[in-house]
Amino acid sequence: MSRYRFIDEQRSQYPVRLLCQVVAVPASGYYAWQHAQQPAVAAPEPAWETALVKVFGV
């Protein structure tokens, strides 16, 4: 188990900064890891592409 995953599992019971100190990682590193774990949001289809499909049925 990674240190960051451990922090993520324990953060409901202890403060994140305390957990980071205990496992010797910077809190900024944990938050960067957490941000990277979130799925990317798909960009909406451009309006011009929607219009092309509507007009030409492509």
# chains A, B, ... in the order shown; residues from 1 in each chain; ligands from 1
>>> residues_around(residues="range 5-18 of chain A", least_positions_apart="2", cutoff="12 Å", atoms="only C-alpha atoms", output="CSV table (one decimal) with N, CA and C atoms, in the first residue's frame")
chain,number,residue,atom,x,y,z
A,1,MET,N,0.9,-1.2,0.0
A,1,MET,CA,0.0,0.0,0.0
A,1,MET,C,0.9,1.2,0.0
A,2,SER,N,0.6,2.2,-0.8
A,2,SER,CA,1.3,3.4,-0.9
A,2,SER,C,1.0,4.3,0.3
A,3,ARG,N,1.9,5.2,0.6
A,3,ARG,CA,1.7,6.1,1.7
A,3,ARG,C,0.5,7.0,1.5
A,20,CYS,N,0.3,13.0,7.2
A,20,CYS,CA,1.5,13.2,6.3
A,20,CYS,C,2.8,13.3,7.2
A,21,GLN,N,2.7,13.9,8.3
A,21,GLN,CA,3.9,14.0,9.2
A,21,GLN,C,4.3,12.6,9.7
A,22,VAL,N,3.3,11.7,10.0
A,22,VAL,CA,3.6,10.4,10.5
A,22,VAL,C,4.3,9.5,9.5
A,23,VAL,N,3.8,9.6,8.2
A,23,VAL,CA,4.4,8.8,7.1
A,23,VAL,C,5.5,9.5,6.4
A,24,ALA,N,5.8,10.7,6.8
A,24,ALA,CA,7.0,11.5,6.3
A,24,ALA,C,6.8,11.9,4.8
A,25,VAL,N,5.7,12.4,4.4
A,25,VAL,CA,5.5,13.0,3.1
A,25,VAL,C,4.9,14.4,3.2
A,26,PRO,N,5.2,15.2,2.2
A,26,PRO,CA,4.6,16.6,2.3
A,26,PRO,C,3.1,16.5,2.0
A,27,ALA,N,2.3,17.4,2.7
A,27,ALA,CA,0.9,17.4,2.4
A,27,ALA,C,0.6,17.8,1.0
A,28,SER,N,1.4,18.7,0.4
A,28,SER,CA,1.2,19.1,-1.0
A,28,SER,C,1.4,17.9,-1.9
A,29,GLY,N,2.3,16.9,-1.6
A,29,GLY,CA,2.4,15.7,-2.4
A,29,GLY,C,1.1,14.9,-2.3
A,30,TYR,N,0.6,14.8,-1.1
A,30,TYR,CA,-0.7,14.0,-1.0
A,30,TYR,C,-1.8,14.6,-1.8
A,31,TYR,N,-1.9,16.0,-1.7
A,31,TYR,CA,-3.0,16.6,-2.4
A,31,TYR,C,-2.8,16.5,-4.0
A,33,TRP,N,-1.3,14.0,-5.4
A,33,TRP,CA,-1.7,12.6,-5.7
A,33,TRP,C,-3.2,12.5,-5.8
A,34,GLN,N,-3.9,13.1,-4.8
A,34,GLN,CA,-5.3,13.0,-4.8
A,34,GLN,C,-6.0,13.6,-6.0
A,35,HIS,N,-5.4,14.7,-6.5
A,35,HIS,CA,-5.9,15.4,-7.6
A,35,HIS,C,-5.7,14.5,-8.9
A,37,GLN,N,-5.7,11.4,-9.0
A,37,GLN,CA,-6.6,10.2,-8.9
A,37,GLN,C,-8.0,10.4,-9.4
>>> atom_distance(atom1="CA of Leu19 in chain A", atom2="CA of Ala32 in chain A")
15.3 Å
>>> select_by_dssp(residues="range 15-56 of chain A", states="helix (DSSP H, G or I)", output="list in words")
Val16, Arg17, Leu18, Leu19, Cys20, Gln21, Val22, Val23, Ala27, Ser28, Gly29, Tyr30, Tyr31, Ala32, Trp33, Gln34, His35, Ala36, Gln37, Ala47, Trp48, Glu49, Thr50, Ala51, Leu52, Val53, Lys54, Val55 and Phe56 of chain A
